[in-house]
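Asks: There's a structure below that I have some questions on.
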Amino acid sequence: MNRRRAIDGLLPIAFVLAFASAVHAGAWTQPEGALNMAVTFARYESSWYWDEQRESKKALDGAFSKTEARLYLEYGLTDRYTAILNFPWKRQEKGSPSDLSDSGVGDIEIGLRRRLWNRGSEAAAVQLVFGIPAGYDDRIPVALGSGNRYADLRYVWGRSWPLRGGYGYVNLEFGYRAFDDDEPNQFRMDGILYTPLSPSWGMQLALNVEESEHIARPDPADPAAPRRGHRLWKAGIGPVLHLAGGWSLSLIVYRDVLGAYTGEGTNVELSISTTFPPRR
């Protein structure tokens with residue numbers, strides 16, 4: 001392969017690593033010594049919920065809201081292995097008549113992504129992330145998490161293509177999240193499609209799916225106490241701006257479109273991200 005063809009083959013990879021998502025670089029691992037950073041601010045509001053029969057109902061115990069700030073880091077240990085850290089801070093509230101609130105650090109995630117293969121504009125990886133509760137009270141109605149440790153194993157695939165002076169891409173993740181206590185395990189899927197409308201900006205579409213192994217199934221030892229499984233599908237849309245210096249700004253609005261035994265609401269996320277290259 002000559003030098004020109006080698007450079008052309010690296011361009012889609014460099015683009016996806018810089019702009020693939022406000023959350024992470026998807027199937028692409030970071031180059032050795034490179035650091036990808038994303039800071040996300042999110043606001044979720046819901047005054048409706050789906051019961052275990054998937055019927056939408058008004059919440060009589062007050063509207064629910066969540067404000068969240070997340071720091072997400074990926075660091076290239078080698079060109080094949082990338083370390084992951086996700087550090088969230090949350091404030092959750094339940095309105096009148098409940099009038100409840102809690103704030104603090106949620107479930108901290110640490111993990112590793114291993115590249116399986118990379119064919120220039122297409123890549124695949126396997127990813128293992130561990131979730132660790134940060135000491136919040138999981139017994140209250142506005143708990144910052146389930147209170148259970150978990151392991152999340154995923155297969156991640158991505159592909160990019162040149163379009164309108166930039167690069168479009170698709171990233172798909174399929175995984176299984178196993179909890180260490182009474183929280184039902186989950187099947188999870190995340191997908192994002194980005195289409196550039198010019199070299200400086202474009203639009204993204206997203207779909208997130210969470211499917212518990214069972215939903216609100218009673219505990220045989222205590223039939224009156226249902227388990228906390230749920231179903232939740234959410235769809236999102238929003239712009240991505242590519243700023244000077246390799247920074248990107250993403251705004252995406254998610255709407256809960258299908259669920260069972262969970263809230264029904266809208267989530268707005270604003271993220272800024274960049275990749276710091278290796279020091280030579």
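If you're wondering about the labels, chains in the structure tokens are A, B, ... by order shown, residues count from 1 in each chain, ligands from 1 in order shown.
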Using only C-alpha atoms, determine which residues lie at most 9 Å from segment 35-49 of chain A, disregarding the query and same-chain residues fewer than 3 positions distant; provide the list as a PyMOL selection string.
Replies: chain A and resi 17-18+22-25+30-32+54-60+62-76+259-278
Asks: Report as a PyMOL selection string all protein, DNA and RNA residues lying within 8 Å of Ser103 of chain A, evaluated on only C-alpha atoms, omitting residues in the same chain fewer than 6 positions from it.
Replies: chain A and resi 89-92+144
Asks: Just checking: using only C-alpha atoms, which residue out of A:Ala27, A:Leu163, A:Leu241, A:Leu112 ends up closest to Phe130 of chain A?
Replies: A:Leu112
Asks: Extract, using only C-alpha atoms, all DNA, RNA and protein residues at most 7 Å from Phe174 of chain A, discarding same-chain residues fewer than 5 positions from it, and format them as a VMD selection string.
Replies: chain A and resid 154 to 156 188 to 190
Asks: What parts of segment 6-190 of chain A does DSSP call alpha helix (DSSP H)? I'd like the answer as a list in words.
Replies: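 Those residues are Ala6, Ile7, Asp8, Gly9, Leu10, Leu11, Pro12, Ile13, Ala14, Phe15, Val16, Leu17, Ala18 and Phe19 of chain A.
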Asks: Taking 6 positions as the minimum chain separation for residues in the same chain, which residues sit within 8 Å of Thr29 of chain A when counting only C-alpha atoms? Answer as a list in words.
Replies: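 Listing them by chain and then by number gives Gly76, Asp79, Arg80, Tyr81, Thr82, Arg113, Arg114, Arg115 and Ala125 of chain A.
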Asks: Which of these, A:Ser212, A:Asn171, A:Asn86, A:Gln53, has the shortest distance to Gly229 of chain A once you count only C-alpha atoms?
Replies: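 Smallest distance to Gly229 of chain A is found for A:Ser212.
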Asks: Output as a PyMOL selection string all residues of segment 175-246 of chain A that backbone DSSP marks as strand (DSSP E).
Replies: chain A and resi 175-179+186-198+201-212+218-219+222-226+231-242
Asks: Between A:Gly191, A:Pro184, A:Gly120, A:Gly111, which has the minimum distance to Ala151 of chain A (counting only C-alpha atoms)?
Replies: A:Gly111
Asks: Just the number, please: distance in Å from atom CA of Arg255 of chain A to atom CA of Arg149 of chain A, one decimal.
Replies: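 Rounded to one decimal, the two atoms are 27.2 Å apart.
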Asks: If we count only C-alpha atoms and set the cut-off at 9 Å, which residues sit around Gly166 of chain A, ignoring sequence neighbours fewer than 3 positions away in its own chain? Please answer as a VMD selection string.
Replies: chain A and resid 15 161 to 163 195 to 201
Asks: Between atom CA of Leu243 of chain A and atom CA of Ala83 of chain A, what is the distance, to one decimal in Å?
Replies: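 Distance between the two atoms: 25.6 Å.
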